[in-house]
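See below for input03.pdb, which holds PDB, C-alpha atoms, pLDDT in the B column.
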```pdb
ATOM      1  CA  MET E   1     102.710  77.215 102.244  1.00 58.00           C
ATOM      2  CA  ALA E   2     102.044  79.775 104.913  1.00 81.00           C
ATOM      3  CA  THR E   3     102.535  83.507 105.071  1.00 86.00           C
ATOM      4  CA  ILE E   4     105.135  84.604 107.601  1.00 89.00           C
ATOM      5  CA  ASP E   5     105.703  87.899 109.398  1.00 93.00           C
ATOM      6  CA  VAL E   6     109.155  89.274 108.522  1.00 94.00           C
ATOM      7  CA  THR E   7     108.683  92.604 110.312  1.00 95.00           C
ATOM      8  CA  ASP E   8     111.353  92.028 112.976  1.00 96.00           C
ATOM      9  CA  HIS E   9     113.905  90.955 110.374  1.00 95.00           C
ATOM     10  CA  VAL E  10     113.234  94.028 108.205  1.00 95.00           C
ATOM     11  CA  VAL E  11     113.253  96.447 111.167  1.00 96.00           C
ATOM     12  CA  ASN E  12     116.534  94.994 112.468  1.00 96.00           C
ATOM     13  CA  TYR E  13     118.091  95.138 108.992  1.00 96.00           C
ATOM     14  CA  LEU E  14     117.055  98.762 108.512  1.00 95.00           C
ATOM     15  CA  SER E  15     118.147  99.741 112.027  1.00 93.00           C
ATOM     16  CA  SER E  16     121.611  98.340 111.310  1.00 94.00           C
ATOM     17  CA  ASN E  17     122.002  99.653 107.778  1.00 96.00           C
ATOM     18  CA  PHE E  18     120.132 102.974 107.572  1.00 97.00           C
ATOM     19  CA  VAL E  19     121.550 104.723 110.648  1.00 96.00           C
ATOM     20  CA  GLY E  20     124.559 106.787 109.582  1.00 96.00           C
ATOM     21  CA  LYS E  21     123.419 107.284 105.974  1.00 97.00           C
ATOM     22  CA  GLN E  22     123.944 110.819 104.717  1.00 97.00           C
ATOM     23  CA  VAL E  23     122.522 112.755 101.780  1.00 97.00           C
ATOM     24  CA  SER E  24     123.300 116.239 100.525  1.00 95.00           C
ATOM     25  CA  GLU E  25     122.529 118.861  97.930  1.00 94.00           C
ATOM     26  CA  ASN E  26     125.243 121.360  97.064  1.00 94.00           C
ATOM     27  CA  ASP E  27     125.155 124.753  95.437  1.00 91.00           C
ATOM     28  CA  LEU E  28     121.556 124.604  94.182  1.00 91.00           C
ATOM     29  CA  GLU E  29     120.299 127.916  92.806  1.00 91.00           C
ATOM     30  CA  ILE E  30     117.142 128.789  94.723  1.00 88.00           C
ATOM     31  CA  ASP E  31     116.623 132.437  93.814  1.00 88.00           C
ATOM     32  CA  ARG E  32     117.626 134.791  91.004  1.00 92.00           C
ATOM     33  CA  SER E  33     116.815 138.423  90.544  1.00 94.00           C
ATOM     34  CA  VAL E  34     118.084 140.277  87.465  1.00 94.00           C
ATOM     35  CA  ASN E  35     116.965 143.636  86.102  1.00 94.00           C
ATOM     36  CA  ARG E  36     116.626 144.434  82.398  1.00 94.00           C
ATOM     37  CA  LEU E  37     120.264 145.592  82.319  1.00 93.00           C
ATOM     38  CA  GLY E  38     121.411 142.131  83.416  1.00 92.00           C
ATOM     39  CA  ILE E  39     122.465 143.243  86.897  1.00 94.00           C
ATOM     40  CA  GLY E  40     121.244 141.441  89.967  1.00 94.00           C
ATOM     41  CA  ASP E  41     121.984 138.551  92.274  1.00 94.00           C
ATOM     42  CA  ARG E  42     121.457 134.847  92.723  1.00 93.00           C
ATOM     43  CA  THR E  43     121.243 132.759  95.887  1.00 91.00           C
ATOM     44  CA  ASN E  44     122.605 129.217  96.049  1.00 91.00           C
ATOM     45  CA  ALA E  45     121.846 126.878  98.934  1.00 90.00           C
ATOM     46  CA  SER E  46     123.579 123.759 100.213  1.00 91.00           C
ATOM     47  CA  GLY E  47     122.534 121.287 102.839  1.00 91.00           C
ATOM     48  CA  SER E  48     122.966 117.810 104.228  1.00 93.00           C
ATOM     49  CA  ALA E  49     121.203 115.401 106.548  1.00 94.00           C
ATOM     50  CA  THR E  50     122.447 112.330 108.405  1.00 97.00           C
ATOM     51  CA  ILE E  51     120.297 109.621 109.992  1.00 97.00           C
ATOM     52  CA  SER E  52     121.444 109.569 113.628  1.00 96.00           C
ATOM     53  CA  SER E  53     119.234 106.909 115.234  1.00 96.00           C
ATOM     54  CA  PHE E  54     116.279 104.570 114.853  1.00 97.00           C
ATOM     55  CA  GLU E  55     113.312 105.572 117.020  1.00 96.00           C
ATOM     56  CA  SER E  56     110.294 103.344 116.407  1.00 97.00           C
ATOM     57  CA  HIS E  57     108.088 101.449 113.975  1.00 97.00           C
ATOM     58  CA  ASP E  58     104.502 100.351 113.646  1.00 97.00           C
ATOM     59  CA  GLY E  59     102.824  98.079 111.144  1.00 96.00           C
ATOM     60  CA  LYS E  60     104.062  94.861 109.585  1.00 95.00           C
ATOM     61  CA  ILE E  61     105.534  93.152 106.552  1.00 93.00           C
ATOM     62  CA  GLU E  62     104.378  89.682 105.534  1.00 91.00           C
ATOM     63  CA  LYS E  63     106.043  87.331 103.058  1.00 87.00           C
ATOM     64  CA  ALA E  64     104.101  84.660 101.156  1.00 84.00           C
ATOM     65  CA  PRO E  65     105.043  82.235  98.396  1.00 80.00           C
ATOM     66  CA  ILE E  66     103.483  83.010  95.009  1.00 79.00           C
ATOM     67  CA  PHE E  67     104.225  81.334  91.695  1.00 79.00           C
ATOM     68  CA  ASP E  68     107.982  80.681  91.703  1.00 76.00           C
ATOM     69  CA  GLY E  69     108.920  83.461  94.130  1.00 76.00           C
ATOM     70  CA  TYR E  70     107.548  85.470  97.022  1.00 81.00           C
ATOM     71  CA  GLY E  71     105.032  88.235  97.413  1.00 83.00           C
ATOM     72  CA  TYR E  72     104.815  90.803 100.175  1.00 86.00           C
ATOM     73  CA  ARG E  73     102.162  92.760 101.987  1.00 89.00           C
ATOM     74  CA  ALA E  74     103.484  95.754 103.837  1.00 92.00           C
ATOM     75  CA  GLU E  75     102.062  98.714 105.706  1.00 94.00           C
ATOM     76  CA  MET E  76     104.727 100.092 107.988  1.00 96.00           C
ATOM     77  CA  ASN E  77     105.891 103.395 109.419  1.00 97.00           C
ATOM     78  CA  LEU E  78     109.501 103.804 110.546  1.00 97.00           C
ATOM     79  CA  VAL E  79     110.715 106.810 112.533  1.00 97.00           C
ATOM     80  CA  TYR E  80     114.357 107.934 112.603  1.00 97.00           C
ATOM     81  CA  LYS E  81     116.162 110.920 114.075  1.00 96.00           C
ATOM     82  CA  TYR E  82     118.285 113.022 111.733  1.00 94.00           C
ATOM     83  CA  ASP E  83     120.746 115.902 112.010  1.00 92.00           C
ATOM     84  CA  GLY E  84     120.901 118.463 109.221  1.00 90.00           C
ATOM     85  CA  GLN E  85     122.748 121.541 108.064  1.00 89.00           C
ATOM     86  CA  THR E  86     121.873 124.279 105.563  1.00 88.00           C
ATOM     87  CA  SER E  87     123.603 127.414 104.363  1.00 88.00           C
ATOM     88  CA  ALA E  88     123.328 129.855 101.484  1.00 88.00           C
ATOM     89  CA  GLU E  89     125.484 132.248  99.544  1.00 91.00           C
ATOM     90  CA  LYS E  90     124.342 135.233  97.526  1.00 92.00           C
ATOM     91  CA  TYR E  91     126.394 136.206  94.466  1.00 93.00           C
ATOM     92  CA  SER E  92     126.294 139.271  92.244  1.00 93.00           C
ATOM     93  CA  ILE E  93     125.295 138.984  88.607  1.00 93.00           C
ATOM     94  CA  PRO E  94     127.112 139.250  86.228  1.00 92.00           C
ATOM     95  CA  ALA E  95     130.401 139.371  88.192  1.00 91.00           C
ATOM     96  CA  GLY E  96     129.725 136.329  90.386  1.00 90.00           C
ATOM     97  CA  VAL E  97     131.219 137.969  93.478  1.00 93.00           C
ATOM     98  CA  LEU E  98     130.083 136.638  96.880  1.00 91.00           C
ATOM     99  CA  ILE E  99     128.074 139.410  98.531  1.00 92.00           C
ATOM    100  CA  ASP E 100     126.242 137.802 101.457  1.00 89.00           C
ATOM    101  CA  HIS E 101     125.453 134.722 103.551  1.00 86.00           C
ATOM    102  CA  PRO E 102     121.675 135.283 103.946  1.00 82.00           C
ATOM    103  CA  TRP E 103     121.161 133.063 106.995  1.00 79.00           C
ATOM    104  CA  GLY E 104     124.588 131.747 107.902  1.00 80.00           C
ATOM    105  CA  SER E 105     124.612 128.079 108.798  1.00 84.00           C
ATOM    106  CA  LEU E 106     121.557 126.432 110.353  1.00 83.00           C
ATOM    107  CA  HIS E 107     121.451 122.986 111.945  1.00 85.00           C
ATOM    108  CA  PRO E 108     117.899 121.614 111.881  1.00 85.00           C
ATOM    109  CA  SER E 109     117.368 118.244 113.522  1.00 88.00           C
ATOM    110  CA  GLY E 110     114.306 116.206 114.310  1.00 90.00           C
ATOM    111  CA  GLU E 111     112.421 113.156 113.179  1.00 93.00           C
ATOM    112  CA  ILE E 112     111.775 111.772 109.734  1.00 95.00           C
ATOM    113  CA  GLU E 113     109.039 109.178 109.270  1.00 96.00           C
ATOM    114  CA  PHE E 114     108.892 106.837 106.294  1.00 96.00           C
ATOM    115  CA  HIS E 115     105.779 104.996 105.173  1.00 96.00           C
ATOM    116  CA  ILE E 116     106.412 101.693 103.386  1.00 95.00           C
ATOM    117  CA  HIS E 117     103.715  99.987 101.339  1.00 94.00           C
ATOM    118  CA  ALA E 118     103.505  96.858  99.214  1.00 89.00           C
ATOM    119  CA  GLY E 119     100.362  95.008  98.234  1.00 80.00           C
ATOM    120  CA  ASP E 120      99.070  92.161  96.136  1.00 62.00           C
ATOM    121  CA  ASP E 121      99.091  94.282  92.997  1.00 58.00           C
ATOM    122  CA  THR E 122     101.579  97.033  93.830  1.00 62.00           C
ATOM    123  CA  ASN E 123     105.340  97.399  93.927  1.00 81.00           C
ATOM    124  CA  TRP E 124     107.225  98.710  96.927  1.00 86.00           C
ATOM    125  CA  THR E 125     106.579 102.374  97.666  1.00 91.00           C
ATOM    126  CA  VAL E 126     108.465 104.465 100.188  1.00 93.00           C
ATOM    127  CA  GLU E 127     107.485 108.015 101.050  1.00 94.00           C
ATOM    128  CA  ILE E 128     108.304 110.550 103.709  1.00 93.00           C
ATOM    129  CA  SER E 129     105.082 110.906 105.669  1.00 93.00           C
ATOM    130  CA  ARG E 130     106.307 113.337 108.336  1.00 91.00           C
ATOM    131  CA  MET E 131     109.357 115.447 109.094  1.00 90.00           C
ATOM    132  CA  THR E 132     110.029 117.665 112.112  1.00 86.00           C
ATOM    133  CA  PHE E 133     112.707 120.271 112.653  1.00 81.00           C
ATOM    134  CA  GLY E 134     113.250 120.203 116.421  1.00 71.00           C
ATOM    135  CA  GLU E 135     113.584 123.316 118.506  1.00 68.00           C
ATOM    136  CA  ILE E 136     114.979 125.365 115.638  1.00 61.00           C
ATOM    137  CA  HIS E 137     111.774 124.941 113.589  1.00 56.00           C
ATOM    138  CA  ASP E 138     113.751 126.327 110.702  1.00 63.00           C
ATOM    139  CA  ASP E 139     114.267 124.741 107.319  1.00 63.00           C
ATOM    140  CA  ARG E 140     115.446 127.699 105.321  1.00 61.00           C
ATOM    141  CA  PRO E 141     115.233 128.423 102.556  1.00 58.00           C
ATOM    142  CA  ASN E 142     111.766 127.348 101.582  1.00 64.00           C
ATOM    143  CA  ARG E 143     111.894 123.874 103.163  1.00 75.00           C
ATOM    144  CA  PHE E 144     115.288 123.180 101.612  1.00 81.00           C
ATOM    145  CA  VAL E 145     116.186 120.152 103.763  1.00 83.00           C
ATOM    146  CA  ARG E 146     112.753 118.582 103.312  1.00 83.00           C
ATOM    147  CA  ASP E 147     112.305 119.246  99.591  1.00 85.00           C
ATOM    148  CA  HIS E 148     115.870 118.953  98.244  1.00 88.00           C
ATOM    149  CA  VAL E 149     117.927 116.944 100.732  1.00 90.00           C
ATOM    150  CA  ALA E 150     115.798 114.496 102.742  1.00 90.00           C
ATOM    151  CA  VAL E 151     113.921 113.276  99.651  1.00 91.00           C
ATOM    152  CA  LYS E 152     117.158 111.556  98.640  1.00 94.00           C
ATOM    153  CA  PHE E 153     116.704 109.221 101.618  1.00 95.00           C
ATOM    154  CA  MET E 154     113.710 107.604  99.876  1.00 92.00           C
ATOM    155  CA  GLU E 155     115.895 105.917  97.253  1.00 93.00           C
ATOM    156  CA  ILE E 156     118.272 104.613  99.928  1.00 96.00           C
ATOM    157  CA  MET E 157     115.361 103.357 102.047  1.00 95.00           C
ATOM    158  CA  THR E 158     113.728 101.657  99.045  1.00 92.00           C
ATOM    159  CA  THR E 159     116.966  99.817  98.222  1.00 94.00           C
ATOM    160  CA  LEU E 160     117.458  98.744 101.843  1.00 95.00           C
ATOM    161  CA  VAL E 161     113.844  97.539 102.177  1.00 92.00           C
ATOM    162  CA  LYS E 162     114.270  95.372  99.078  1.00 90.00           C
ATOM    163  CA  GLU E 163     117.557  93.982 100.446  1.00 93.00           C
ATOM    164  CA  ALA E 164     115.932  93.304 103.820  1.00 93.00           C
ATOM    165  CA  VAL E 165     112.962  91.376 102.455  1.00 89.00           C
ATOM    166  CA  ALA E 166     115.149  89.452 100.004  1.00 87.00           C
ATOM    167  CA  SER E 167     117.296  88.253 102.923  1.00 91.00           C
ATOM    168  CA  SER E 168     114.296  87.505 105.170  1.00 88.00           C
ATOM    169  CA  PRO E 169     113.306  83.985 106.263  1.00 82.00           C
ATOM    170  CA  VAL E 170     111.502  81.805 103.726  1.00 79.00           C
ATOM    171  CA  PRO E 171     107.992  80.515 104.483  1.00 70.00           C
ATOM    172  CA  SER E 172     107.937  76.760 104.944  1.00 66.00           C
TER     173      SER E 172
END
```
Write the structure described by the file as structure tokens, please.
Amino acid sequence: MATIDVTDHVVNYLSSNFVGKQVSENDLEIDRSVNRLGIGDRTNASGSATISSFESHDGKIEKAPIFDGYGYRAEMNLVYKYDGQTSAEKYSIPAGVLIDHPWGSLHPSGEIEFHIHAGDDTNWTVEISRMTFGEIHDDRPNRFVRDHVAVKFMEIMTTLVKEAVASSPVPS
């Protein structure tokens, strides 16, 4: 039985099912400063990101029969556009009173690139290989969207990739 290229099927599946997905992180403590008397402040951040469109791909995914199932070889990059939002609130300690909005509400947007890999002796891996932040160039605080929000897209992408290849054409 022959190996077949299922790249178009997978790209079409992901284009239809990944666009519109949203992830978020809410009220995560990112900074705390307390003196020895127990007085200070803490900063909590929240953010979200939504995949707004599919941009491009390069690479391929091949499907081949092995044993009583199928094996895959994949090296592919997929680029999507996203829209994000972050904000923060600073509270007093110990009273918990809101005292500031350190940077208001920011709306980073840009591209997020995923690298997908599968080989003869490896399982599927999905990682974020590149992320841009558009004209704002701002991902406060401390890369919050990248490190705490967008990483949640990897689990969604991994699930969708597995669904896509499972529904792909069968080699004859």
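Atom pair atom CA of Phe54 of chain E / atom CA of Ile4 of chain E has a distance of 24.0 Å (rounded to one decimal).
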Could you tell me how far atom CA of Tyr13 of chain E lies from atom CA of Ile51 of chain E, in Å and to one decimal?
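Between atom CA of Tyr13 of chain E and atom CA of Ile51 of chain E the gap is 14.7 Å.
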Nearest to Leu28 of chain E: which of E:Thr7, E:Ser53, E:Ser15, E:Asn44 is it, counting all atoms listed in the file?
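Of the candidates, the smallest distance to Leu28 of chain E is held by E:Asn44.
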Could you give me, as a CSV table (one decimal) with C-alpha atoms, keeping the file's coordinate frame, the residues within 12 Å of Arg146 of chain E, counting all atoms listed in the file and dropping anything in the same chain fewer than 6 positions from it?
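So selection_35.csv came out as:
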```csv
chain,number,residue,atom,x,y,z
E,23,VAL,CA,122.5,112.8,101.8
E,24,SER,CA,123.3,116.2,100.5
E,25,GLU,CA,122.5,118.9,97.9
E,47,GLY,CA,122.5,121.3,102.8
E,48,SER,CA,123.0,117.8,104.2
E,49,ALA,CA,121.2,115.4,106.5
E,82,TYR,CA,118.3,113.0,111.7
E,84,GLY,CA,120.9,118.5,109.2
E,85,GLN,CA,122.7,121.5,108.1
E,86,THR,CA,121.9,124.3,105.6
E,108,PRO,CA,117.9,121.6,111.9
E,109,SER,CA,117.4,118.2,113.5
E,110,GLY,CA,114.3,116.2,114.3
E,111,GLU,CA,112.4,113.2,113.2
E,112,ILE,CA,111.8,111.8,109.7
E,113,GLU,CA,109.0,109.2,109.3
E,128,ILE,CA,108.3,110.6,103.7
E,129,SER,CA,105.1,110.9,105.7
E,130,ARG,CA,106.3,113.3,108.3
E,131,MET,CA,109.4,115.4,109.1
E,132,THR,CA,110.0,117.7,112.1
E,133,PHE,CA,112.7,120.3,112.7
E,138,ASP,CA,113.8,126.3,110.7
E,139,ASP,CA,114.3,124.7,107.3
E,140,ARG,CA,115.4,127.7,105.3
E,152,LYS,CA,117.2,111.6,98.6
E,153,PHE,CA,116.7,109.2,101.6
E,154,MET,CA,113.7,107.6,99.9
```
Surrounding residues of Glu89 of chain E excluding itself and chain neighbours under 3 positions, 9 Å, all atoms listed in the file, as a list in words
Asp27, Arg42, Thr43, Asn44, Ala45, Ser46, Leu98, Ile99, Asp100, His101, Pro102, Trp103 and Gly104 of chain E
Could I get segment 12-39 of chain E rebuilt with N, CA and C atoms, written as a CSV table (one decimal), in the coordinates of the input?
```
chain,number,residue,atom,x,y,z
E,12,ASN,N,115.1,95.2,112.0
E,12,ASN,CA,116.5,95.0,112.5
E,12,ASN,C,117.5,95.3,111.4
E,13,TYR,N,117.2,94.9,110.1
E,13,TYR,CA,118.1,95.1,109.0
E,13,TYR,C,118.2,96.6,108.7
E,14,LEU,N,117.0,97.3,108.8
E,14,LEU,CA,117.1,98.8,108.5
E,14,LEU,C,117.7,99.5,109.6
E,15,SER,N,117.5,99.1,110.9
E,15,SER,CA,118.1,99.7,112.0
E,15,SER,C,119.7,99.7,111.9
E,16,SER,N,120.2,98.5,111.4
E,16,SER,CA,121.6,98.3,111.3
E,16,SER,C,122.2,99.0,110.1
E,17,ASN,N,121.4,99.2,109.0
E,17,ASN,CA,122.0,99.7,107.8
E,17,ASN,C,121.6,101.1,107.4
E,18,PHE,N,120.6,101.6,108.0
E,18,PHE,CA,120.1,103.0,107.6
E,18,PHE,C,120.7,104.1,108.5
E,19,VAL,N,120.9,103.7,109.7
E,19,VAL,CA,121.6,104.7,110.6
E,19,VAL,C,123.0,105.0,110.2
E,20,GLY,N,123.3,106.3,110.1
E,20,GLY,CA,124.6,106.8,109.6
E,20,GLY,C,124.5,107.2,108.1
E,21,LYS,N,123.5,106.9,107.4
E,21,LYS,CA,123.4,107.3,106.0
E,21,LYS,C,123.3,108.8,105.9
E,22,GLN,N,123.9,109.4,104.9
E,22,GLN,CA,123.9,110.8,104.7
E,22,GLN,C,123.6,111.2,103.3
E,23,VAL,N,122.8,112.2,103.1
E,23,VAL,CA,122.5,112.8,101.8
E,23,VAL,C,122.8,114.3,101.8
E,24,SER,N,123.0,114.8,100.6
E,24,SER,CA,123.3,116.2,100.5
E,24,SER,C,122.9,116.8,99.2
E,25,GLU,N,122.8,118.1,99.2
E,25,GLU,CA,122.5,118.9,97.9
E,25,GLU,C,123.5,120.1,98.0
E,26,ASN,N,124.2,120.3,97.0
E,26,ASN,CA,125.2,121.4,97.1
E,26,ASN,C,125.1,122.4,96.0
E,27,ASP,N,125.1,123.6,96.4
E,27,ASP,CA,125.2,124.8,95.4
E,27,ASP,C,124.0,124.8,94.5
E,28,LEU,N,122.8,124.6,95.0
E,28,LEU,CA,121.6,124.6,94.2
E,28,LEU,C,121.0,126.0,94.1
E,29,GLU,N,120.8,126.6,92.9
E,29,GLU,CA,120.3,127.9,92.8
E,29,GLU,C,118.8,127.9,93.2
E,30,ILE,N,118.5,128.7,94.2
E,30,ILE,CA,117.1,128.8,94.7
E,30,ILE,C,116.5,130.1,94.5
E,31,ASP,N,117.2,131.1,94.1
E,31,ASP,CA,116.6,132.4,93.8
E,31,ASP,C,117.5,133.2,92.9
E,32,ARG,N,116.9,134.0,92.0
E,32,ARG,CA,117.6,134.8,91.0
E,32,ARG,C,116.8,136.0,90.7
E,33,SER,N,117.5,137.2,90.8
E,33,SER,CA,116.8,138.4,90.5
E,33,SER,C,117.7,139.3,89.6
E,34,VAL,N,117.3,139.5,88.4
E,34,VAL,CA,118.1,140.3,87.5
E,34,VAL,C,117.2,141.3,86.8
E,35,ASN,N,117.7,142.6,86.8
E,35,ASN,CA,117.0,143.6,86.1
E,35,ASN,C,117.2,143.6,84.6
E,36,ARG,N,116.5,144.5,83.9
E,36,ARG,CA,116.6,144.4,82.4
E,36,ARG,C,118.0,144.8,81.9
E,37,LEU,N,118.9,145.3,82.7
E,37,LEU,CA,120.3,145.6,82.3
E,37,LEU,C,121.2,144.4,82.6
E,38,GLY,N,120.6,143.3,83.1
E,38,GLY,CA,121.4,142.1,83.4
E,38,GLY,C,122.2,142.2,84.7
E,39,ILE,N,121.8,143.1,85.6
E,39,ILE,CA,122.5,143.2,86.9
E,39,ILE,C,121.5,142.7,88.0
```
